[in-house]
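Asker: First the structure, which I've put down as structure tokens, then a few questions once you've had a look.
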Amino acid sequence: MPNYLDETVFEEHIAKYLAESELYNQRSPRDFDIEHLCDREMFERFLRAQPEVWAKLQRNVPGAEVDTVIAEYNKFLNRGDSILNILLKGLPVYGAKVKFVQFKPVLGGTQTAAYRLYEQNRFSVVRQMRYSTDAADCGNELDLCILINGIPIITCELKNENTGQNFVNGIEQYRTKRNSQNRMLRNCLVHFVMDNSLVFMTAVLRDEKTRFLPFNKDTTNPPVDGDYPTCYMWKEIFQADSLLDIIQNFIKRIKDDDGKYIIIFPRYHQLRAVRLLRALAAEEGPGHNYLVQHSAGSGKTKSMAWLAHQLSNLTKEDNTPVFDSIIMVTDRIVLNRNMAEDVVAFETQPGTVKDVRKGSKNLADAINEHYRIIISTVQKFADAP
């Protein structure tokens with residue numbers, strides 16, 4: 001059983017578990033290049049695992065392959081774009097389409113080039129990581145960071161309740177002792193605060209205005225025999241396949257009400273609900289009923305948006321879709337509007353979503369034209385031909 005009285009042991013316990021997990025290793029803070037925002041060795045390792053890309057870079061920029069890609073990666077971030085876009089789409093560099101991560105292929109088996117590259121992914125856990133050379137944050141350390149193929153994506157502040165601190169102190173650190181405009185902090189996908197019992201997260205740091213949301217299994221996390229109540233974080237959420245799924249299917253970059261881009265990261269109950277329904281739909285196919293219970297203000301429209309998009313992309317072994325269309329029906333116009341806005345905002349392929357707010361004939365046309373996702377109100381079905 002872990003030593004509950006020692007914060008260092010809490011940190012070591014998490015790092016050791018992750019380092020021994022599939023597609024993981026543990027790296028030193030010295031391995032991280034703060035200026036270029038990467039662990040160069042791990043970055044180069046994954047770059048070399050792409051033989052066609054590496055060969056093209058060798059022809060076009062011989063001897064400067066890694067430096068060239070790292071420079072392009074930093075130039076991309078300096079323009080104000082997102083690490084999420086780089087992970088999802090890669091980057092064109094001197095005629096080569098460089099991948100920064102390989103998501104787990106759904107079809108094709110384990111002998112494909114895509115699956116072999118997926119096996120070359122390496123998540124790195126780093127303890128006490130320095131992340132800034134700027135005066136504001138110089139010398140500051142983050143308790144735990146997670147990188148994918150050398151690229152930082154997650155930061156964590158850890159607190160042990162038995163040393164007189166808890167998640168409140170961690171939240172205060174992010175709000176008052178971390179510069180939200182720091183280059184690494186503003187580019188990471190999510191920031192967690194975790195103590196022995198509770199977890200909170202934010203995807204957007206705004207100094208003292210930063211809003212942290214709970215990321216717990218329930219109002220409180222149940223006790224776990226021989227481990228911390230928050231152990232689901234490193235045993236489930238931070239596992240490689242889980243994080244790859246979150247990056248590929250859940251994290252969204254959208255514009256807020258002020259027109260600024262923000263990252264949307266799922267809360268635990270949203271992630272659990274969508275994953276469970278996705279698995280049931282894949283196993284049982286169409287024609288079954290399920291009930292999801294979300295409390296008021298818990299983000300049900302975003303849960304529906306994630307679910308709609310993932311069900312629309314669900315395929316059988318022969319690569320045919322499980323569902324011809326996903327039809328989202330509400331009985332309230334306001335909810336319909338909110339739901340439509342979230343579903344459209346989560347759209348990655350233009351033309352996937354059809355929002356039918358007026359006209360029963362428009363609804364019939366949308367169904368006949370096989371739109372992947374159709375949003376409407378129940379009243380239109382009464383008169384639809």
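Chain labels follow the order of the structure tokens: the first chain is A, the next B, and so on; residue numbering restarts at 1 in every chain, and ligands are counted from 1 in their shown order.
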Taking only region 171-363 of chain A into account, list the residues labelled alpha helix (DSSP H) by DSSP (computed from the backbone), as a PyMOL selection string.
Answerer: chain A and resi 171-176+183-187+232+240-249+268-284+300-312+333-345+360-363
Asker: Can you list, as a list in words, every protein, DNA or RNA residue that comes within 7 Å of region 129-131 of chain A when you count only C-alpha atoms, leaving out same-chain residues fewer than 5 positions away?
Answerer: Pro29, Ile34, Gly139, Asn140, Glu141, Leu142, Asp143, Leu144, Cys145 and Met184 of chain A
Asker: Which residue is closest to Tyr24 (chain A)? Choose from A:Gln239, A:Gln165, A:Thr68, A:Gln50 and count only C-alpha atoms.
Answerer: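 Distance minimum relative to Tyr24 (chain A) lands on A:Gln239.
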Asker: Please compute the CA of Arg178 (chain A)-CA of Thr210 (chain A) distance, one decimal, in Å.
Answerer: 11.1 Å
Asker: So that I can check the surroundings of region 201-205 of chain A, please list as a ChimeraX atom specification every protein, DNA and RNA residue that reaches within 10 Å of it, counting only C-alpha atoms and ignoring chain neighbours fewer than 2 positions away.
Answerer: /A:154-156,171,174-175,178-182,185-194,199,207-216,251,261-268
Asker: Quick check, in Å to one decimal: how far apart do CA of Gln26 (chain A) and CA of Phe10 (chain A) lie?
Answerer: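 Straight-line distance from CA of Gln26 (chain A) to CA of Phe10 (chain A) works out to 15.8 Å.
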Asker: Could you please write out, as a PyMOL selection string, every residue of region 203-356 of chain A that DSSP assigns to strand (DSSP E)?
Answerer: chain A and resi 213-214+252-255+261-264+326-330+353-355
Asker: Using only C-alpha atoms, find the one residue out of A:Ala281, A:Glu11, A:Thr320, A:Met339 that sits nearest to Trp306 (chain A).
Answerer: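 Residue with the minimum atom-to-atom distance to Trp306 (chain A): A:Met339.
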